[in-house]
Amino acid sequence: MSIGMLSFIALLPILTVFLFLVVLKWPASRAMPVALVVTAAIALFVWGTKMNVVLAASVNGIKTAIEIMFIVFGAVLLLNTVKESGAIETIRQGFIHISPDRRIQAIIIAWLFGSFIEGAAGFGTPAAIAAPLLVAIGFPAMAAVLVALIIQSTPVSFGAIGTPILVGVNTGLANQEAVMKAIGDMEFTDYLLQIAANVGIIHAMVGTFIPLIMVGMMTRFFGKNRSFREGLRVWKFALLAGLAFTVPYAIIANVLGPEFPSLVGALIGLMIVVPAAKAGLFMPKDTFDFEKRSEWEQEWIGRLNNEQVNLQQGNKRISLLNAWFPYVLVAILLVITRTVTEVKTFLTGESVTILIDNVFNSGIAIKSTPLYLPGTIFLIVSLITYVLHRMDAKSYKKAFSDSFKTALSAGSALIFAVPMINIFINSKTEELASMPLVLAEGVSHIAGSAWPVVAPLIGALGAFIAGSNTFSNMMFSLFQFGTAESIGLSASGAAVVVALQAVGGAAGNMICVHNVVAASATVGLVGQEGSLIRKALIPMTYYIVAAGMLGMGFIVGGFNIWFILYAVVVIAFIFFMMSNRGKTKKAEKQISA
């Protein structure tokens, strides 16, 4: 069978997801079982994957789905605890004091606080924290999830203390003969730092505009006038927030390496942007707010929108510091558990790790470190908050019960989605590479010497499939390096291509089914996964196209046409936002379709 036909067959699982989830608008709980059956059938009857491998991959996927559900449960429990204690009202008033403008609130909570959490924990945690927090202060659930997904881009490559680079790219390239030969006398660690530096620069040049695009998307789809322009009116503040994060982010990536660009960059950004907002610097003349709740479309509303703050608990005044303390404590514990070697070793040690080797004699191992999961930290902080905010048992019991129901609602889709993805990734046989690699090889035959332009798309595809920038880099880094060599690029040129893989993998997190389902579940938004993916495809497309142009520019060298094309992409996207006024719900549905 030709590589073209094999690539098309390998594409069918992804097409199935897009057809049922995005085009036909099925809820993920219905679409993903179909995708699972299609993927398993192709693996068994076309690829020749053994049944024991398919079963083991499925069981491993169920384990991962349960872990994601635990993270969702913990994040929602923390939010519900703060809400039931009445502290969320203090937080809401605090943001009104900074700015009542929803665009400013989205930038601070999603872009900066979310990026900080991404730098500490990664793996979808920022969306699980930011989305319910935004809903709690008055955002429609779908708007909150969308902005939380859009920021799952720039900070992701250096998320979880650099895991996508230090684990993902490192695992893909380390000790590979072709890589060692190409870099010659250079130490591999130095080559990895070169890749990380490229990632930082490309992300910074593309990601600076993400806060502006994020608020434009928010006002276009959820504002009264359905207008991008309402978001663009905050351009000065949005660009300040973009640069306040991406400039230190890029510097740290080039000077210190991949561990701290997102974490420290976002912290510096918060230290610059919050005082600027309080001082009224670069603020728009108008104030944007959502319409009255009665005017919201039904699909925007999640269960969390329907829940009210416990007024009895709220009658006892909670200070702003005390109200924010649970989230500050989460951030501190995430940083400690990810950066302090002794603590990390204890939480991931053999005595607290669940490990089942060679499941069904397939070569696949199931491994879980429950104490290291962010959900455990959320649970611990929730219990501390119960005591700190002097809550009554009845209120905490309600918070616990509501959170458990929310986690279960996420499971109806995740329990099929993650096994489908695991089968797709583990489909390798003696005759054929795994489906993702065959698909990527087919694309490389079409792209030829223009491969760097396409490289971010492969990274995004990997993240969409695997649910993680780290796994995307593990799957495709060596393939990206080999393809770069095959079109005649040097080791430094290949480092740019691998960096484009990492950047694309980060952008793919915006539409990753894992993230969409988990973030939606935290706000009780059910059945709108396809609608969210259709919307998030807009900024994701900008991201991978702009990154591809930049990558080609760096490879060609000097000032060249590709840098001009990058500028054209940025300007064209902003012009598209300015010219597309919308104004009607009908127009919104057309652009969303």
# chains A, B, ... in the order shown; residues from 1 in each chain; ligands from 1
>>> residues_around(residues="range 33-40 of chain A", least_positions_apart="3", cutoff="8 Å", atoms="only C-alpha atoms", output="VMD selection string")
chain A and resid 12 to 14 16 to 17 29 to 30 43 to 44 54 413 416 to 417 419 to 420 423 to 424
>>> residues_around(residues="Ala197 in chain A", least_positions_apart="3", cutoff="12 Å", atoms="only C-alpha atoms", output="ChimeraX atom specification")
/A:157-158,165,190-194,200-204,249-259,261,492,495-496,498-500,502-503
>>> residues_around(residues="Pro284 in chain A", least_positions_apart="3", cutoff="10 Å", atoms="only C-alpha atoms", output="list in words")
Asp101, Arg103, Ile104, Glu230, Gly231, Leu232, Arg233, Val234, Trp235, Lys236, Phe237, Gly280, Leu281, Thr287 and Phe288 of chain A
>>> residues_around(residues="Gly493 in chain A", least_positions_apart="3", cutoff="12 Å", atoms="only C-alpha atoms", output="number ranges by chain")
A: 182-183, 191, 194-195, 198, 451-452, 480-490, 496-500, 551-557
>>> write_last_selection(atoms="C-alpha atoms", output="short mmCIF file (atom, residue, chain, number, x, y, z; two decimals), in the first residue's frame")
data_model
loop_
_atom_site.label_atom_id
_atom_site.label_comp_id
_atom_site.auth_asym_id
_atom_site.auth_seq_id
_atom_site.Cartn_x
_atom_site.Cartn_y
_atom_site.Cartn_z
CA ALA A 182 24.81 15.94 13.03
CA ILE A 183 25.78 18.01 16.08
CA TYR A 191 21.86 21.53 21.51
CA GLN A 194 19.64 25.93 21.44
CA ILE A 195 16.25 24.41 20.61
CA ASN A 198 14.53 29.13 19.39
CA TRP A 451 8.68 21.66 5.33
CA PRO A 452 9.47 24.27 8.05
CA GLN A 480 11.07 16.59 12.49
CA PHE A 481 14.85 16.42 12.85
CA GLY A 482 15.15 13.70 10.19
CA THR A 483 12.89 15.58 7.76
CA ALA A 484 14.96 18.74 8.26
CA GLU A 485 18.12 16.80 7.41
CA SER A 486 16.46 15.23 4.35
CA ILE A 487 15.82 18.68 2.84
CA GLY A 488 19.45 19.67 3.37
CA LEU A 489 19.33 21.68 6.60
CA SER A 490 22.27 21.86 9.00
CA VAL A 496 14.70 25.56 14.33
CA VAL A 497 12.46 22.86 12.81
CA VAL A 498 12.32 20.97 16.11
CA ALA A 499 11.52 24.27 17.83
CA LEU A 500 8.64 24.75 15.38
CA GLY A 551 10.77 29.54 11.23
CA MET A 552 11.46 29.77 7.50
CA GLY A 553 12.78 33.29 8.05
CA PHE A 554 15.25 32.11 10.70
CA ILE A 555 16.40 29.22 8.50
CA VAL A 556 16.93 31.38 5.38
CA GLY A 557 18.81 33.96 7.47
#
>>> closest_residue(among="A:Phe471, A:Phe575, A:Phe8, A:Phe378", to="Ile332 in chain A", atoms="only C-alpha atoms")
A:Phe378
>>> residues_around(residues="Phe123 in chain A", least_positions_apart="2", cutoff="8 Å", atoms="only C-alpha atoms", output="ChimeraX atom specification")
/A:118,121,125,159-160,468
>>> write_last_selection(atoms="N, CA and C atoms", output="mmCIF file, in the first residue's frame")
data_model
loop_
_atom_site.group_PDB
_atom_site.id
_atom_site.type_symbol
_atom_site.label_atom_id
_atom_site.label_comp_id
_atom_site.auth_asym_id
_atom_site.auth_seq_id
_atom_site.Cartn_x
_atom_site.Cartn_y
_atom_site.Cartn_z
ATOM 1 N N GLU A 118 0.444 27.485 34.382
ATOM 2 C CA GLU A 118 0.994 26.613 33.334
ATOM 3 C C GLU A 118 2.477 26.380 33.567
ATOM 4 N N ALA A 121 2.565 23.899 36.644
ATOM 5 C CA ALA A 121 1.932 22.573 36.622
ATOM 6 C C ALA A 121 1.726 22.003 35.234
ATOM 7 N N THR A 125 -3.897 22.245 33.667
ATOM 8 C CA THR A 125 -4.258 22.813 34.965
ATOM 9 C C THR A 125 -4.712 24.273 34.877
ATOM 10 N N GLY A 159 5.826 24.809 30.049
ATOM 11 C CA GLY A 159 4.940 24.482 31.154
ATOM 12 C C GLY A 159 5.511 23.382 32.019
ATOM 13 N N ALA A 160 4.968 23.266 33.229
ATOM 14 C CA ALA A 160 5.404 22.224 34.174
ATOM 15 C C ALA A 160 6.924 22.211 34.311
ATOM 16 N N SER A 468 -1.271 16.563 24.677
ATOM 17 C CA SER A 468 -0.150 17.125 25.427
ATOM 18 C C SER A 468 0.953 17.556 24.479
#
>>> residues_around(residues="Ile318 in chain A", least_positions_apart="4", cutoff="9 Å", atoms="only C-alpha atoms", output="list in words")
Ser85, Gly86, Ala87, Glu89, Thr90, Gly314, Asn322, Ala323 and His389 of chain A
>>> select_by_dssp(residues="range 152-316 of chain A", states="helix (DSSP H, G or I)", output="JSON, numbers by chain")
{"A": [156, 157, 158, 159, 160, 161, 162, 163, 164, 165, 166, 167, 168, 169, 170, 171, 172, 173, 177, 178, 179, 180, 181, 182, 183, 188, 189, 190, 191, 192, 193, 194, 195, 196, 197, 198, 199, 200, 201, 202, 203, 204, 205, 206, 207, 210, 211, 212, 213, 214, 215, 216, 217, 218, 219, 220, 221, 222, 228, 229, 230, 231, 232, 235, 236, 237, 238, 239, 240, 241, 242, 243, 244, 245, 246, 247, 248, 249, 250, 251, 252, 253, 254, 255, 261, 262, 263, 264, 265, 266, 267, 268, 269, 270, 271, 272, 273, 274, 275, 276, 277, 278, 293, 294, 295, 298, 299, 300, 303, 304, 305, 306, 311, 312, 313, 314]}
>>> residues_around(residues="Ser427 in chain A", least_positions_apart="6", cutoff="9 Å", atoms="only C-alpha atoms", output="ChimeraX atom specification")
/A:43-44,47-50,53-54,433-436
>>> select_by_dssp(residues="range 222-429 of chain A", states="strand (DSSP E)", output="list in words")
Ile354, Leu355, Ile356, Ile366, Lys367 and Ser368 of chain A
